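K.L.:
What follows is structure_24.pdb, made up of PDB, C-alpha atoms and all ligand atoms:
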ATOM      1  CA  MET A   1      18.538   0.159  13.842  1.00  0.00           C
ATOM      2  CA  MET A   2      21.324  -1.076  15.932  1.00  0.00           C
ATOM      3  CA  ALA A   3      21.118   1.060  19.042  1.00  0.00           C
ATOM      4  CA  GLY A   4      18.619  -1.110  20.862  1.00  0.00           C
ATOM      5  CA  ASN A   5      19.584  -4.391  19.277  1.00  0.00           C
ATOM      6  CA  PHE A   6      23.316  -4.742  19.531  1.00  0.00           C
ATOM      7  CA  PHE A   7      22.941  -8.003  21.421  1.00  0.00           C
ATOM      8  CA  GLU A   8      21.431  -9.662  18.338  1.00  0.00           C
ATOM      9  CA  ARG A   9      24.437  -8.713  16.207  1.00  0.00           C
ATOM     10  CA  CYS A  10      27.216  -9.854  18.524  1.00  0.00           C
ATOM     11  CA  ARG A  11      28.415 -13.394  19.046  1.00  0.00           C
ATOM     12  CA  MET A  12      25.366 -14.392  21.068  1.00  0.00           C
ATOM     13  CA  CYS A  13      27.430 -16.245  23.636  1.00  0.00           C
ATOM     14  CA  LYS A  14      24.983 -14.861  26.251  1.00  0.00           C
ATOM     15  CA  ALA A  15      27.819 -14.601  28.792  1.00  0.00           C
ATOM     16  CA  CYS A  16      26.710 -11.073  29.689  1.00  0.00           C
ATOM     17  CA  CYS A  17      23.275 -12.392  30.707  1.00  0.00           C
ATOM     18  CA  ARG A  18      24.610 -15.050  33.058  1.00  0.00           C
ATOM     19  CA  THR A  19      26.636 -15.030  36.239  1.00  0.00           C
ATOM     20  CA  SER A  20      29.006 -17.620  37.577  1.00  0.00           C
ATOM     21  CA  ASP A  21      30.260 -16.290  40.900  1.00  0.00           C
ATOM     22  CA  ARG A  22      28.156 -13.316  41.968  1.00  0.00           C
ATOM     23  CA  PHE A  23      24.813 -11.563  41.817  1.00  0.00           C
ATOM     24  CA  VAL A  24      24.450  -8.929  39.113  1.00  0.00           C
ATOM     25  CA  HIS A  25      22.287  -5.865  39.583  1.00  0.00           C
ATOM     26  CA  ILE A  26      20.961  -4.413  36.340  1.00  0.00           C
ATOM     27  CA  TYR A  27      19.735  -0.932  37.170  1.00  0.00           C
ATOM     28  CA  VAL A  28      16.633   0.523  35.566  1.00  0.00           C
ATOM     29  CA  CYS A  29      16.900   4.217  34.730  1.00  0.00           C
ATOM     30  CA  GLY A  30      14.087   6.701  35.333  1.00  0.00           C
ATOM     31  CA  HIS A  31      13.681   7.489  31.624  1.00  0.00           C
ATOM     32  CA  GLU A  32      13.040   3.816  30.733  1.00  0.00           C
ATOM     33  CA  LYS A  33       9.285   4.211  31.071  1.00  0.00           C
ATOM     34  CA  ARG A  34       8.213   1.240  28.914  1.00  0.00           C
ATOM     35  CA  LEU A  35      10.496  -1.088  30.825  1.00  0.00           C
ATOM     36  CA  ILE A  36       9.299   0.290  34.168  1.00  0.00           C
ATOM     37  CA  GLY A  37       5.692  -0.234  33.040  1.00  0.00           C
ATOM     38  CA  LEU A  38       6.393  -3.830  32.053  1.00  0.00           C
ATOM     39  CA  LEU A  39       8.196  -4.639  35.312  1.00  0.00           C
ATOM     40  CA  ALA A  40       5.354  -3.066  37.297  1.00  0.00           C
ATOM     41  CA  SER A  41       2.750  -5.078  35.357  1.00  0.00           C
ATOM     42  CA  GLN A  42       4.673  -8.242  36.244  1.00  0.00           C
ATOM     43  CA  GLY A  43       4.797  -7.302  39.918  1.00  0.00           C
ATOM     44  CA  ARG A  44       8.591  -7.031  39.783  1.00  0.00           C
ATOM     45  CA  ASP A  45      11.012  -4.519  41.256  1.00  0.00           C
ATOM     46  CA  THR A  46      10.978  -1.495  38.929  1.00  0.00           C
ATOM     47  CA  LYS A  47      14.399  -0.230  40.044  1.00  0.00           C
ATOM     48  CA  GLU A  48      16.520  -3.187  39.044  1.00  0.00           C
ATOM     49  CA  ILE A  49      16.614  -6.645  37.507  1.00  0.00           C
ATOM     50  CA  LEU A  50      18.584  -9.022  39.667  1.00  0.00           C
ATOM     51  CA  VAL A  51      20.509 -11.852  38.026  1.00  0.00           C
ATOM     52  CA  PRO A  52      20.874 -14.446  40.776  1.00  0.00           C
ATOM     53  CA  TYR A  53      24.115 -16.082  41.846  1.00  0.00           C
ATOM     54  CA  ALA A  54      25.387 -18.607  39.270  1.00  0.00           C
ATOM     55  CA  ALA A  55      22.282 -18.252  37.132  1.00  0.00           C
ATOM     56  CA  SER A  56      20.809 -16.595  34.054  1.00  0.00           C
ATOM     57  CA  CYS A  57      18.816 -13.395  33.832  1.00  0.00           C
ATOM     58  CA  PRO A  58      15.093 -14.122  34.164  1.00  0.00           C
ATOM     59  CA  TYR A  59      14.566 -12.491  30.741  1.00  0.00           C
ATOM     60  CA  LEU A  60      16.995 -14.741  28.878  1.00  0.00           C
ATOM     61  CA  ASN A  61      15.713 -17.613  26.787  1.00  0.00           C
ATOM     62  CA  ASP A  62      17.289 -19.792  24.088  1.00  0.00           C
ATOM     63  CA  SER A  63      16.780 -17.082  21.454  1.00  0.00           C
ATOM     64  CA  GLY A  64      18.314 -14.306  23.537  1.00  0.00           C
ATOM     65  CA  CYS A  65      16.819 -11.431  25.491  1.00  0.00           C
ATOM     66  CA  THR A  66      13.033 -11.500  25.587  1.00  0.00           C
ATOM     67  CA  LEU A  67      12.870  -7.770  26.392  1.00  0.00           C
ATOM     68  CA  GLY A  68      13.840  -6.749  22.846  1.00  0.00           C
ATOM     69  CA  ASP A  69      14.156  -3.003  22.384  1.00  0.00           C
ATOM     70  CA  ILE A  70      13.095  -2.201  25.929  1.00  0.00           C
ATOM     71  CA  LYS A  71      15.958  -4.019  27.614  1.00  0.00           C
ATOM     72  CA  PRO A  72      17.692  -1.837  30.236  1.00  0.00           C
ATOM     73  CA  PHE A  73      20.251   0.769  29.191  1.00  0.00           C
ATOM     74  CA  GLN A  74      22.982  -1.230  30.944  1.00  0.00           C
ATOM     75  CA  CYS A  75      22.216  -4.142  28.596  1.00  0.00           C
ATOM     76  CA  ARG A  76      21.736  -2.018  25.485  1.00  0.00           C
ATOM     77  CA  LEU A  77      25.077  -0.393  26.265  1.00  0.00           C
ATOM     78  CA  TYR A  78      27.079  -3.614  26.421  1.00  0.00           C
ATOM     79  CA  PRO A  79      29.880  -4.396  25.444  1.00  0.00           C
ATOM     80  CA  MET A  80      30.416  -0.884  26.747  1.00  0.00           C
ATOM     81  CA  LEU A  81      30.284   0.045  30.388  1.00  0.00           C
ATOM     82  CA  VAL A  82      29.862   3.509  31.847  1.00  0.00           C
ATOM     83  CA  LEU A  83      32.199   5.072  34.388  1.00  0.00           C
ATOM     84  CA  ARG A  84      31.203   7.379  37.235  1.00  0.00           C
ATOM     85  CA  ASP A  85      31.758  10.544  35.191  1.00  0.00           C
ATOM     86  CA  GLY A  86      29.747   9.239  32.231  1.00  0.00           C
ATOM     87  CA  THR A  87      32.826   8.183  30.224  1.00  0.00           C
ATOM     88  CA  LEU A  88      32.292   5.023  28.190  1.00  0.00           C
ATOM     89  CA  GLY A  89      34.665   2.082  28.000  1.00  0.00           C
ATOM     90  CA  VAL A  90      34.610  -1.348  26.389  1.00  0.00           C
ATOM     91  CA  ASP A  91      34.624  -4.472  28.523  1.00  0.00           C
ATOM     92  CA  PRO A  92      37.446  -6.734  27.276  1.00  0.00           C
ATOM     93  CA  ALA A  93      35.640  -9.713  28.814  1.00  0.00           C
ATOM     94  CA  CYS A  94      33.143  -9.653  25.931  1.00  0.00           C
ATOM     95  CA  THR A  95      34.380 -11.856  23.095  1.00  0.00           C
ATOM     96  CA  TYR A  96      33.022  -9.273  20.642  1.00  0.00           C
ATOM     97  CA  SER A  97      34.960  -6.353  22.197  1.00  0.00           C
ATOM     98  CA  GLY A  98      37.915  -6.525  19.766  1.00  0.00           C
ATOM     99  CA  GLU A  99      35.668  -6.354  16.733  1.00  0.00           C
ATOM    100  CA  TYR A 100      33.633  -3.603  18.350  1.00  0.00           C
ATOM    101  CA  MET A 101      36.753  -1.495  19.019  1.00  0.00           C
ATOM    102  CA  ALA A 102      37.978  -2.083  15.467  1.00  0.00           C
ATOM    103  CA  GLN A 103      34.644  -0.926  14.032  1.00  0.00           C
ATOM    104  CA  LEU A 104      34.821   2.300  16.045  1.00  0.00           C
ATOM    105  CA  LYS A 105      37.497   3.546  13.663  1.00  0.00           C
ATOM    106  CA  ASP A 106      34.808   3.746  10.970  1.00  0.00           C
ATOM    107  CA  ALA A 107      32.108   6.353  11.541  1.00  0.00           C
ATOM    108  CA  SER A 108      29.729   4.517   9.196  1.00  0.00           C
ATOM    109  CA  SER A 109      29.957   1.244  11.120  1.00  0.00           C
ATOM    110  CA  GLU A 110      27.187  -0.195  13.245  1.00  0.00           C
ATOM    111  CA  ALA A 111      29.406  -0.145  16.325  1.00  0.00           C
ATOM    112  CA  TRP A 112      30.005   3.574  15.846  1.00  0.00           C
ATOM    113  CA  GLN A 113      26.258   4.215  15.473  1.00  0.00           C
ATOM    114  CA  HIS A 114      25.694   2.221  18.631  1.00  0.00           C
ATOM    115  CA  TYR A 115      28.447   4.148  20.436  1.00  0.00           C
ATOM    116  CA  SER A 116      26.993   7.531  19.348  1.00  0.00           C
ATOM    117  CA  ALA A 117      23.489   6.651  20.515  1.00  0.00           C
ATOM    118  CA  MET A 118      24.726   5.270  23.828  1.00  0.00           C
ATOM    119  CA  LYS A 119      26.973   8.274  24.421  1.00  0.00           C
ATOM    120  CA  LYS A 120      23.927  10.575  24.270  1.00  0.00           C
ATOM    121  CA  GLU A 121      22.024   8.390  26.717  1.00  0.00           C
ATOM    122  CA  ALA A 122      25.034   8.205  29.063  1.00  0.00           C
ATOM    123  CA  ALA A 123      25.279  12.023  28.980  1.00  0.00           C
ATOM    124  CA  LEU A 124      21.646  12.199  30.089  1.00  0.00           C
ATOM    125  CA  LEU A 125      22.401   9.860  32.976  1.00  0.00           C
ATOM    126  CA  SER A 126      25.426  11.835  34.094  1.00  0.00           C
ATOM    127  CA  LYS A 127      23.130  14.861  34.416  1.00  0.00           C
ATOM    128  CA  GLU A 128      19.987  13.274  35.833  1.00  0.00           C
ATOM    129  CA  GLU A 129      21.056  10.053  37.530  1.00  0.00           C
ATOM    130  CA  LYS A 130      24.290  10.839  39.357  1.00  0.00           C
ATOM    131  CA  ALA A 131      23.470   8.562  42.303  1.00  0.00           C
ATOM    132  CA  LEU A 132      22.641   5.681  39.982  1.00  0.00           C
ATOM    133  CA  LEU A 133      25.860   6.129  38.023  1.00  0.00           C
ATOM    134  CA  ALA A 134      27.899   6.189  41.234  1.00  0.00           C
ATOM    135  CA  GLU A 135      26.286   2.967  42.432  1.00  0.00           C
ATOM    136  CA  TRP A 136      26.574   1.301  39.052  1.00  0.00           C
ATOM    137  CA  SER A 137      30.199   2.250  38.442  1.00  0.00           C
ATOM    138  CA  ARG A 138      31.288   0.676  41.739  1.00  0.00           C
ATOM    139  CA  PHE A 139      31.275  -2.625  39.853  1.00  0.00           C
ATOM    140  CA  VAL A 140      33.034  -1.358  36.730  1.00  0.00           C
ATOM    141  CA  CYS A 141      36.712  -2.179  36.402  1.00  0.00           C
ATOM    142  CA  ASP A 142      39.112  -3.193  33.673  1.00  0.00           C
ATOM    143  CA  VAL A 143      37.627  -1.279  30.746  1.00  0.00           C
ATOM    144  CA  VAL A 144      39.277   0.057  27.622  1.00  0.00           C
ATOM    145  CA  VAL A 145      38.271   3.721  27.761  1.00  0.00           C
ATOM    146  CA  ILE A 146      36.958   5.141  24.501  1.00  0.00           C
ATOM    147  CA  LYS A 147      38.396   8.559  23.787  1.00  0.00           C
ATOM    148  CA  ALA A 148      36.483  11.372  22.115  1.00  0.00           C
ATOM    149  CA  ASP A 149      34.816  10.527  18.794  1.00  0.00           C
ATOM    150  CA  GLY A 150      35.284   6.809  19.235  1.00  0.00           C
ATOM    151  CA  GLU A 151      39.040   6.882  18.585  1.00  0.00           C
TER     152      GLU A 151
HETATM  153  S1  LIG B 201      29.285 -11.229  26.116  1.00  0.00           S
HETATM  154 FE1  LIG B 201      29.534  -9.993  24.263  1.00  0.00          FE
HETATM  155  S2  LIG B 201      29.480 -11.482  22.556  1.00  0.00           S
HETATM  156 FE2  LIG B 201      28.578 -12.472  24.364  1.00  0.00          FE
HETATM  157  S3  LIG B 201      26.344 -12.088  24.196  1.00  0.00           S
HETATM  158 FE3  LIG B 201      27.252 -10.456  25.501  1.00  0.00          FE
HETATM  159  S4  LIG B 201      27.651  -8.753  24.063  1.00  0.00           S
HETATM  160 FE4  LIG B 201      27.406 -10.646  22.846  1.00  0.00          FE
HETATM  161  S1  LIG B 202      17.665  -8.037  30.374  1.00  0.00           S
HETATM  162 FE1  LIG B 202      18.105  -9.139  28.491  1.00  0.00          FE
HETATM  163  S2  LIG B 202      20.117  -8.395  27.781  1.00  0.00           S
HETATM  164 FE2  LIG B 202      19.853  -7.812  29.945  1.00  0.00          FE
HETATM  165  S3  LIG B 202      20.833  -9.467  31.128  1.00  0.00           S
HETATM  166 FE3  LIG B 202      18.633  -9.952  30.931  1.00  0.00          FE
HETATM  167  S4  LIG B 202      18.459 -11.252  29.118  1.00  0.00           S
HETATM  168 FE4  LIG B 202      20.466 -10.224  29.045  1.00  0.00          FE
END
Show how you would write the structure in this file as structure tokens.
P.N.:
Amino acid sequence: MMAGNFFERCRMCKACCRTSDRFVHIYVCGHEKRLIGLLASQGRDTKEILVPYAASCPYLNDSGCTLGDIKPFQCRLYPMLVLRDGTLGVDPACTYSGEYMAQLKDASSEAWQHYSAMKKEAALLSKEEKALLAEWSRFVCDVVVIKADGE
């Protein structure tokens, strides 16, 4: 199923797992219990994964993300980003974003299934994780907002 594995179906450029000119904070949400358990077992911060300045995420290898289905919501969501009010938008910086937007016109497409699943999870966050969303969305700019029903 696509919802947790969109990364494997995109262009695999891995640009979203690397930084060139800043640190990236990938926030871990309270409902991501398996991920929190893994981070705790590794002695890591359970609130966020930090991608260092001009570097790759510590969970990236040549094959892609080593976290598989338990990668953080922020990563499972991409190429979408979430705004402060829970609205979803597509990041035009992703080279797959055009194809993703095009697929959203078709309710049977994988992108639409991904969008539907992520929309439910984003709705949960906008109820239960308001502070996290506010912090997270400080870094969100330049998105193509997706209107109701993926149109
Ligand atoms: S930037 Fe887009 S195309 Fe590249 S790996 Fe990330 S989701 Fe895939
Ligand atoms: S957790 Fe996985 S998908 Fe997210 S930035 Fe790291 S390697 Fe990429």
K.L.:
When you look at A:Tyr78 with a cut-off of 10 Å (counting only C-alpha atoms), what residues show up, excluding the ones that are within fewer than 5 positions of it in the same chain? I need them as a VMD selection string.
P.N.:
chain A and resid 6 to 7 16 73 89 to 91 94 97 114 to 115 118
K.L.:
Starting from the shown file, work through the PyMOL selection byres (((not hetatm)) within 12 of (chain B and resi 201)) and note down what comes out as a CSV table (one decimal) with C-alpha atoms, in the frame of the given file.
P.N.:
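Output file result.csv is given in full below:
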chain,number,residue,atom,x,y,z
A,5,ASN,CA,19.6,-4.4,19.3
A,6,PHE,CA,23.3,-4.7,19.5
A,7,PHE,CA,22.9,-8.0,21.4
A,8,GLU,CA,21.4,-9.7,18.3
A,9,ARG,CA,24.4,-8.7,16.2
A,10,CYS,CA,27.2,-9.9,18.5
A,11,ARG,CA,28.4,-13.4,19.0
A,12,MET,CA,25.4,-14.4,21.1
A,13,CYS,CA,27.4,-16.2,23.6
A,14,LYS,CA,25.0,-14.9,26.3
A,15,ALA,CA,27.8,-14.6,28.8
A,16,CYS,CA,26.7,-11.1,29.7
A,17,CYS,CA,23.3,-12.4,30.7
A,18,ARG,CA,24.6,-15.0,33.1
A,19,THR,CA,26.6,-15.0,36.2
A,60,LEU,CA,17.0,-14.7,28.9
A,62,ASP,CA,17.3,-19.8,24.1
A,63,SER,CA,16.8,-17.1,21.5
A,64,GLY,CA,18.3,-14.3,23.5
A,65,CYS,CA,16.8,-11.4,25.5
A,74,GLN,CA,23.0,-1.2,30.9
A,75,CYS,CA,22.2,-4.1,28.6
A,76,ARG,CA,21.7,-2.0,25.5
A,77,LEU,CA,25.1,-0.4,26.3
A,78,TYR,CA,27.1,-3.6,26.4
A,79,PRO,CA,29.9,-4.4,25.4
A,80,MET,CA,30.4,-0.9,26.7
A,81,LEU,CA,30.3,0.0,30.4
A,90,VAL,CA,34.6,-1.3,26.4
A,91,ASP,CA,34.6,-4.5,28.5
A,92,PRO,CA,37.4,-6.7,27.3
A,93,ALA,CA,35.6,-9.7,28.8
A,94,CYS,CA,33.1,-9.7,25.9
A,95,THR,CA,34.4,-11.9,23.1
A,96,TYR,CA,33.0,-9.3,20.6
A,97,SER,CA,35.0,-6.4,22.2
A,98,GLY,CA,37.9,-6.5,19.8
A,99,GLU,CA,35.7,-6.4,16.7
A,100,TYR,CA,33.6,-3.6,18.4
A,111,ALA,CA,29.4,-0.1,16.3
K.L.:
Take atom CA of A:Arg84 and atom CA of A:Gln113 and report the distance between them in Å, one decimal.
P.N.:
22.5 Å
K.L.:
Measure the distance from atom CA of A:Ser56 to atom CA of A:Gly68 in Å and round it to one decimal.
P.N.:
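Interatomic distance here is 16.5 Å.
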K.L.:
Care to translate the PyMOL selection byres (((chain A and resi 29) around 12) and not hetatm) into actual residues of this file, as a VMD selection string?
P.N.:
chain A and resid 26 to 28 30 to 36 46 to 49 70 to 75 121 to 122 124 to 126 128 to 133 136
K.L.:
Using all atoms listed in the file, find the one residue out of A:Val51, A:Met101, A:Val140, A:Ala40 that sits nearest to ligand LIG 202 (chain B).
P.N.:
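Going through A:Val51, A:Met101, A:Val140, A:Ala40 one by one, the smallest distance to ligand LIG 202 (chain B) is for A:Val51.
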K.L.:
Check the smallest atom-to-atom distance from each of A:Leu50, A:Val143, A:Ala123, A:Cys57 to ligand LIG 202 (chain B) using all atoms listed in the file, then report the winner.
P.N.:
A:Cys57
K.L.:
Check the smallest atom-to-atom distance from each of A:Asn61, A:Leu39, A:Ser20, A:Asp45 to ligand LIG 202 (chain B) using only C-alpha atoms and all ligand atoms, then report the winner.
P.N.:
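Ranked by minimum distance to ligand LIG 202 (chain B), first place goes to A:Asn61.
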K.L.:
As lines of an AutoDock Vina configuration file, please: the centre and edge lengths in Å, to one decimal, of an axis-aligned box enclosing every listed atom of ligand LIG 202 (chain B) with 5 Å added on each side.
P.N.:
center_x = 19.2
center_y = -9.5
center_z = 29.5
size_x = 13.2
size_y = 13.4
size_z = 13.3
K.L.:
Can you tell me how far atom CA of A:Lys147 sits from atom CA of A:Gln103, in Å to one decimal?
P.N.:
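Going from atom CA of A:Lys147 over to atom CA of A:Gln103 covers 14.1 Å.
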K.L.:
Kindly indicate which residue among A:Asp85, A:Glu110, A:Asp21, A:Asp69 lies nearest to A:Glu135, using all atoms listed in the file for the distances.
P.N.:
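Residue with the minimum atom-to-atom distance to A:Glu135: A:Asp85.
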K.L.:
Hey, which of A:Ser41, A:Ala102, A:Pro58, A:Val144 ends up closest to ligand LIG 202 (chain B)? Count only C-alpha atoms and all ligand atoms.
P.N.:
A:Pro58
K.L.:
Nearest to A:Lys119: which of A:Ser137, A:Ala107, A:Leu38, A:Thr87 is it, counting only C-alpha atoms?
P.N.:
A:Thr87
